[in-house]
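The structure appears below as C-alpha cells.
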Amino acid sequence: MSRVLLKLRKGEAVKYVSHLELVRAFGFALRRAEIPVAYSAGFNPRPRMQFGRAVGVGVTSDDERIVLDLTSDMNPAEIRDRLNAKLPSGLEALSVEAVPEGVKSPLSAINAARFRIAVSCSEGCDSEAVRQAIDRMLESREIRVTRVRDTGSKEVDIRPYLLGVDSLAIENGDAVIEVSLSFGDSGGAGPQDFVQALGSLVANLRVRGIHRIEQFRQERKAGE
Amino acid sequence: MAKPGRYAGGEYNAIRKDHRSVDVKFALAFPDVYEIGMSNLGLRILYHILNKRSDVAAERVFTPWADMEAEMRAPGLSLFSLESRTPIAEFDILGFSLGYELTYTNALTMLDLAGIPLLAEERGVGHPLVIAGGCCTYNPEPMADFIDAFVIGEGEEIVHELVEVVKAHRGEARTALLRSLAQIDGVYVPSLYDVAYNPDGTIQEVKPREEGVPQRVTKRLVWDLDSAEYPDAPVMPFIEAVHDRIPLEVMRGCSRGCRFCQAGVVYRPVRERSEAKLMELAETLSRNTGYDEIALLSLSTADYRGIEDLVRGLIKEYEGRRIGLSLPSLRADAPCVELASEIQKVRKSGLTLAPEAGAQRLRDVIDKNVTDDDLMAAAEAAFRCGWKKIKLYFMLGLPTETDEDVAAIARLASSVARLGRRMGIRPTINVSAACFVPKPHTPFQWRAQDTVEELERKQGVLRRALKDGHVVLHWHDARTSHLEAVLSRGDRRLGRAIVAAWRKGCRMDAWHEHFDYEKWMEALAESGLDPGFYANRLREYEEVLPWDHIDCGVSKGFLMREDKRAETAEVTPDCRFEEGVCTGCGITRMLPRRSAGSEMPDVACAVKA
C-alpha cells in the first residue's frame, strides 16, 4: 500500500461544480484512468481518497489537494498523465507526489491559503480607495462580518484570520487583490468574508472572480 | 439558484464542435430537468449517432427549473444549448423527446424561452424545424399544433434521412420542406392532414390534404440491434442523475402482452442483442465511463433468452473490477428473484414486484400471467435471500374492477407481510397504488378511466382494508392520472387547452409541487373541452380514434380481440414461450421481405414469415 498527494486545478469551466460533484467526477476519472486505488473494507467498499478543504461554488483553484491510497506502486508522473487523459476539461492534475511512509495525513497540516480576488467598483476601481480600505482593515483590531446559513445568521470577527494582503493591482478597471487567510479547527476566514468586509468600506463593490492560488502551513505565532 | 450544474455543460464525454465545420445544427431537447433527461436512453442514442456525423453538431437542452426560468426571463435571456451555449433559435432542427404527457407544457416553455413561435403555422424559413419523437408520439394529435413533424418509432436510422432532407431544403419555404419530410417512412406532418368531426364530437375522418401524403404513418424500427449504433461513451453528468450507471439495453420489445401496457405493444417485436455484442458494449462502456454498475435494461430483462449465461459472463468479467450488475425490471416469480439475488450482492434498496392487481380474476383480465403462488414464492425467495423491504406495485381502476378486487390488494400485501414474519424477520411491505390510465394502441384503448372521485373512493377502500402494521400504502394522485388520460387519448383540439394551461402558468406538471389541477380544468373548460369526453368515456369499436392513422405494427383487430378476452378474464399465451403459438398481433407483416442472399433477422417472434 502506498500513498500519493495530488494537486488538482479546478478551472473556470468547472467552477460551478460543487465539492460533492467534484468528488464524484474525480472518482469516475480514477476508474477510467485505471489508477490502482485501494478500497475500504466492509459492506459497501469505497475508494480510499481524502479531499482537503474545498473551495466554494464559483471559486476556481490551482490547489485542490487529494490523498489517494494505492494498492500497488505507480509512478507519480504516470498517475498524473493517466488522470489528465481522463478528467473532464477544467480539471487538471498539476502534480502528484509520493507521501513517505510514516507521514501523517499531509492534509491536516494545512491551515492557510492565498487567494486572488478580482473586484470591480461602480465607476472603475480607484486603486487608492481600495488601498486605503485594505489598510484600514489591516490596522483595525476587529473585522466583523455576518455569515448567513440556512440555520440563521451569525456575526464573526475575521481579523485574527487575515494574515496579510500580498499585492494589489488594477487590471482593466478591476482591482485584483492577493490575500492570505487562515483557517483551523477553532475558526477561519474565507474569501467571501474578506470581500464582505471590503464591501463595507468601498461603495458598490462587485466580485468578478475568486481564485485559490495555493494552500500552505502557517506556523502559529508566539502567544496565540 | 438550485443545482447550477443543470445548466453548466462541460461534462466528460460531451461533444463540442465548431459550428463553422458542420452543415446542420441539431438541438436535442428533453422537456424536463437535466437530471431526468440525462437518464434517457433515446436521447443518448441520438446524441451519439448525430455527433458521429462530421456534418452535424448535436447539442443538448433541458427545461429550466422555475428558478432558472425566472432568472432568464428578467434580463430576456434566450434558451441555450449546453455544449456551445448557442441560442436554440439558431439551430436548424429542434427535436423534442416526448415520453410523458405531463411534460407537454415544458416543451412550450422551451419554445417560448427560445423565442420560437409556439404554433407551427406561425413559423417560417428563419426558424428551426421543430420535430418530436418518443412514445407519446404514438398519439401525436394533442401536440399537433406545436410540432412541425413527428417521428414515429425508433430513431436510429430515420434520423439520418431527416438530416439529409433538411440539408437539401436549406433556405427553401417551410411548405416544401414539410412535403419532403412527409415522404420519409415514419414521419407524420400534422399540418398536411385535415380532421373532420361528427356532431357528437368524435372524429369523422383524418385525411391527407394533398396527393402523395400517406393515409397512415407506420412506425420505424431497427431490425438488428447488434449492428445498430449504441452510445459507447455517454456524457457523464457532474450532478447526480437519476441513474448513475451503465445503461446496457439487452433487448427491445416484450411479448408478455399485458393489456394495459403501451410499451408492450408499440415496441414489438422482441429483438435481442447477442451476448457477444453485449459483452463488447459492457467493456467499452465501463472503460469510457468509470461507472461501477451495469444495468441490464429492457421491458422485461428476465425474458432475455440467454439471461443466465449473460449474467454469469458479466459477473465473471466484472466482479474483480468492482463493477456490479442490476436488473431494474423484475418478473414476479421465484427464479427471477433468485437471479436478482445472485446479481445484487448488496441489498442496497428494496425489491420491487409488480402484481398490478390483487385478485387472480383481475390479473387474468389484464393478462398479467402471475399467480398468487408465483408471488408468494417470489416473496419467499426475496426474504430468504436477505431482502426485508418489498415494494408491491398495483393499479387501481383497472377495467371490471370491483371493491372486492381492491380489498384483494390489501389481503395479498398482508399475506406477504405475514410470510415475512413467519420467516422471522420484520418486513416492510410498501404498497404502491397507481391509477390506471387507458393508453392508445393497447387493448384497453377503448375503455373508460374511472373518474377522479371513483379513484379516490377506491383509494379509501384500500386504505381501510389495510390493517397490517408492516404494510405501508403509497398512492398516486388521481388528478394527475386523470390529466394523463386526457392528454394521452386526446385529439387535435387539445392543443388550445395546452396553450391555455401554459399561459395560466402550468409548468412541470409531472412534479407534484408544481402540478395545478384547477388551472388545467379551467384551461380545458375555457377551450370548450370536456375532460370526461377524453378520459372517462367508453369508446365504441367503430369509433375513429384520434391515433388511428398512426400504425404501430400491431393490428386494431388484435387489440379488439384482446379487449374482448379481457371481458371474460381469458388469458392469452406468450408466443415466445409457448411452442407453436401465434397470437396474430400483426407485427409479422412488418418483417422485412426476404431477398436473395440475405438472411432473415433473428427476431424472437414465433412466426418467422
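Going by the C-alpha cells order, chains are called A, B, ..., each with residues numbered from 1, while ligands are numbered from 1 in the order shown.
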Kindly provide the residues of chain B that approach chain A to within 6 Å, each paired with its closest atom pair and their distance in Å to one decimal, based on only C-alpha atoms, listed by chain and increasing number, as a tab-separated table.
```
residue	atom	partner	partner_atom	distance
B:Tyr12	CA	A:Pro88	CA	4.5
B:Phe238	CA	A:Glu21	CA	5.4
B:Ile239	CA	A:Glu21	CA	5.7
B:Arg287	CA	A:Arg32	CA	5.6
B:Gly290	CA	A:Phe28	CA	4.6
```
Would you save the residues of that selection, restricted to C-alpha atoms, as an mmCIF file, in the first residue's frame?
```
data_model
loop_
_atom_site.group_PDB
_atom_site.id
_atom_site.type_symbol
_atom_site.label_atom_id
_atom_site.label_comp_id
_atom_site.auth_asym_id
_atom_site.auth_seq_id
_atom_site.Cartn_x
_atom_site.Cartn_y
_atom_site.Cartn_z
ATOM 1 C CA TYR B 12 -16.843 14.370 -19.599
ATOM 2 C CA PHE B 238 -21.401 16.210 -12.743
ATOM 3 C CA ILE B 239 -24.627 16.393 -10.797
ATOM 4 C CA ARG B 287 -13.769 1.931 -19.846
ATOM 5 C CA GLY B 290 -15.911 4.671 -14.887
#
```
query: In range 2-150 of chain A, what's strand (DSSP E) per DSSP? Answer as an MDAnalysis selection string?
result: chainID A and resid 2:10 49:51 59:70 91:98 112:120 144:149
Residue contacts of range 214-219 of chain B (8 Å, only C-alpha atoms) excluding same-chain residues fewer than 4 positions away, as a list in words: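 Everything that qualifies: Ile152, Gly153, Glu154, Ala182, Gln183, Asp185, Gly186, Val187, Tyr188, Lys207, Pro208, Asp548, His549, Ile550, Asp551, Cys552 and Gly553 of chain B.
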Tell me, as a PDB file with N, CA and C atoms, in the first residue's frame, which residues lie within 12 Å of Asp185 in chain A, counting only C-alpha atoms; anything in the same chain fewer than 3 positions away does not count.
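So the final result, stored in part_21.pdb, reads:
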```
ATOM      1  N   ARG A  53      -9.534  20.751   2.136  1.00  0.00           N
ATOM      2  CA  ARG A  53     -10.548  21.798   2.226  1.00  0.00           C
ATOM      3  C   ARG A  53     -10.955  22.257   0.826  1.00  0.00           C
ATOM      4  N   SER A 108      -3.832  17.441   6.952  1.00  0.00           N
ATOM      5  CA  SER A 108      -4.219  18.023   8.238  1.00  0.00           C
ATOM      6  C   SER A 108      -3.318  19.196   8.631  1.00  0.00           C
ATOM      7  N   ALA A 109      -2.097  19.248   8.066  1.00  0.00           N
ATOM      8  CA  ALA A 109      -1.180  20.327   8.437  1.00  0.00           C
ATOM      9  C   ALA A 109      -1.582  21.668   7.824  1.00  0.00           C
ATOM     10  N   ILE A 110      -2.332  21.628   6.736  1.00  0.00           N
ATOM     11  CA  ILE A 110      -2.689  22.855   6.006  1.00  0.00           C
ATOM     12  C   ILE A 110      -3.624  23.717   6.856  1.00  0.00           C
ATOM     13  N   ASN A 111      -3.287  24.979   6.997  1.00  0.00           N
ATOM     14  CA  ASN A 111      -4.197  25.840   7.763  1.00  0.00           C
ATOM     15  C   ASN A 111      -4.316  27.249   7.178  1.00  0.00           C
ATOM     16  N   ALA A 112      -3.831  27.438   5.951  1.00  0.00           N
ATOM     17  CA  ALA A 112      -3.960  28.772   5.349  1.00  0.00           C
ATOM     18  C   ALA A 112      -3.963  28.664   3.829  1.00  0.00           C
ATOM     19  N   SER A 182      -6.298  32.445   7.019  1.00  0.00           N
ATOM     20  CA  SER A 182      -6.047  31.174   7.698  1.00  0.00           C
ATOM     21  C   SER A 182      -7.354  30.550   8.168  1.00  0.00           C
ATOM     22  N   GLY A 188     -11.972  30.374  11.119  1.00  0.00           N
ATOM     23  CA  GLY A 188     -11.166  30.799   9.990  1.00  0.00           C
ATOM     24  C   GLY A 188     -11.947  31.772   9.142  1.00  0.00           C
ATOM     25  N   ALA A 189     -11.292  32.240   8.095  1.00  0.00           N
ATOM     26  CA  ALA A 189     -11.969  33.175   7.197  1.00  0.00           C
ATOM     27  C   ALA A 189     -11.848  32.682   5.768  1.00  0.00           C
TER      28      ALA A 189
END
```
Polymer residues at most 10 Å from Trp511 in chain B, only C-alpha atoms, same-chain spacing of 3 or more positions, as a tab-separated table (two decimals) with N, CA and C atoms, in the first residue's frame:
```
chain	number	residue	atom	x	y	z
B	32	ASP	N	-37.86	18.22	-19.61
B	32	ASP	CA	-37.88	18.09	-18.16
B	32	ASP	C	-36.51	18.52	-17.69
B	102	LEU	N	-47.25	14.62	-19.30
B	102	LEU	CA	-47.21	15.75	-18.37
B	102	LEU	C	-45.96	16.62	-18.54
B	103	THR	N	-45.21	16.38	-19.61
B	103	THR	CA	-44.10	17.28	-19.92
B	103	THR	C	-44.46	18.20	-21.09
B	480	THR	N	-53.65	13.74	-11.29
B	480	THR	CA	-52.54	13.68	-12.25
B	480	THR	C	-52.82	12.61	-13.31
B	507	ARG	N	-46.65	24.52	-15.38
B	507	ARG	CA	-45.27	24.18	-15.67
B	507	ARG	C	-44.93	22.89	-14.94
B	508	MET	N	-44.00	22.13	-15.45
B	508	MET	CA	-43.50	20.97	-14.70
B	508	MET	C	-44.64	20.18	-14.06
B	514	HIS	N	-45.51	21.41	-8.43
B	514	HIS	CA	-45.90	22.38	-9.46
B	514	HIS	C	-47.27	22.10	-10.06
B	515	PHE	N	-47.74	20.85	-9.95
B	515	PHE	CA	-48.96	20.46	-10.63
B	515	PHE	C	-50.15	21.27	-10.13
B	516	ASP	N	-50.88	21.88	-11.05
B	516	ASP	CA	-52.03	22.70	-10.67
B	516	ASP	C	-53.26	22.23	-11.45
```
message: So that I can check the surroundings of Ala434 in chain B, please list as a list in words every protein, DNA and RNA residue that reaches within 10 Å of it, counting only C-alpha atoms and ignoring chain neighbours fewer than 6 positions away.
response: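 Skipping anything fewer than 6 positions along the chain leaves Glu356, Tyr393, Phe394, Met395, Leu396, Gly397, Leu455, Gln459, His474, Trp475, His476, Asp477, Ala478 and Ser481 of chain B.
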task: Write out as JSON, numbers by chain each polymer residue whose atoms come within 9 Å of Leu168 in chain A, counting only C-alpha atoms; drop sequence neighbours fewer than 2 positions from it.
output: {"A": [127, 130, 131, 165, 166, 170, 175, 176, 177, 178]}
- request: Quick one: pull the distance between CA of Leu285 in chain B and CA of Glu11 in chain B, Å, one decimal.
  value: 16.0 Å
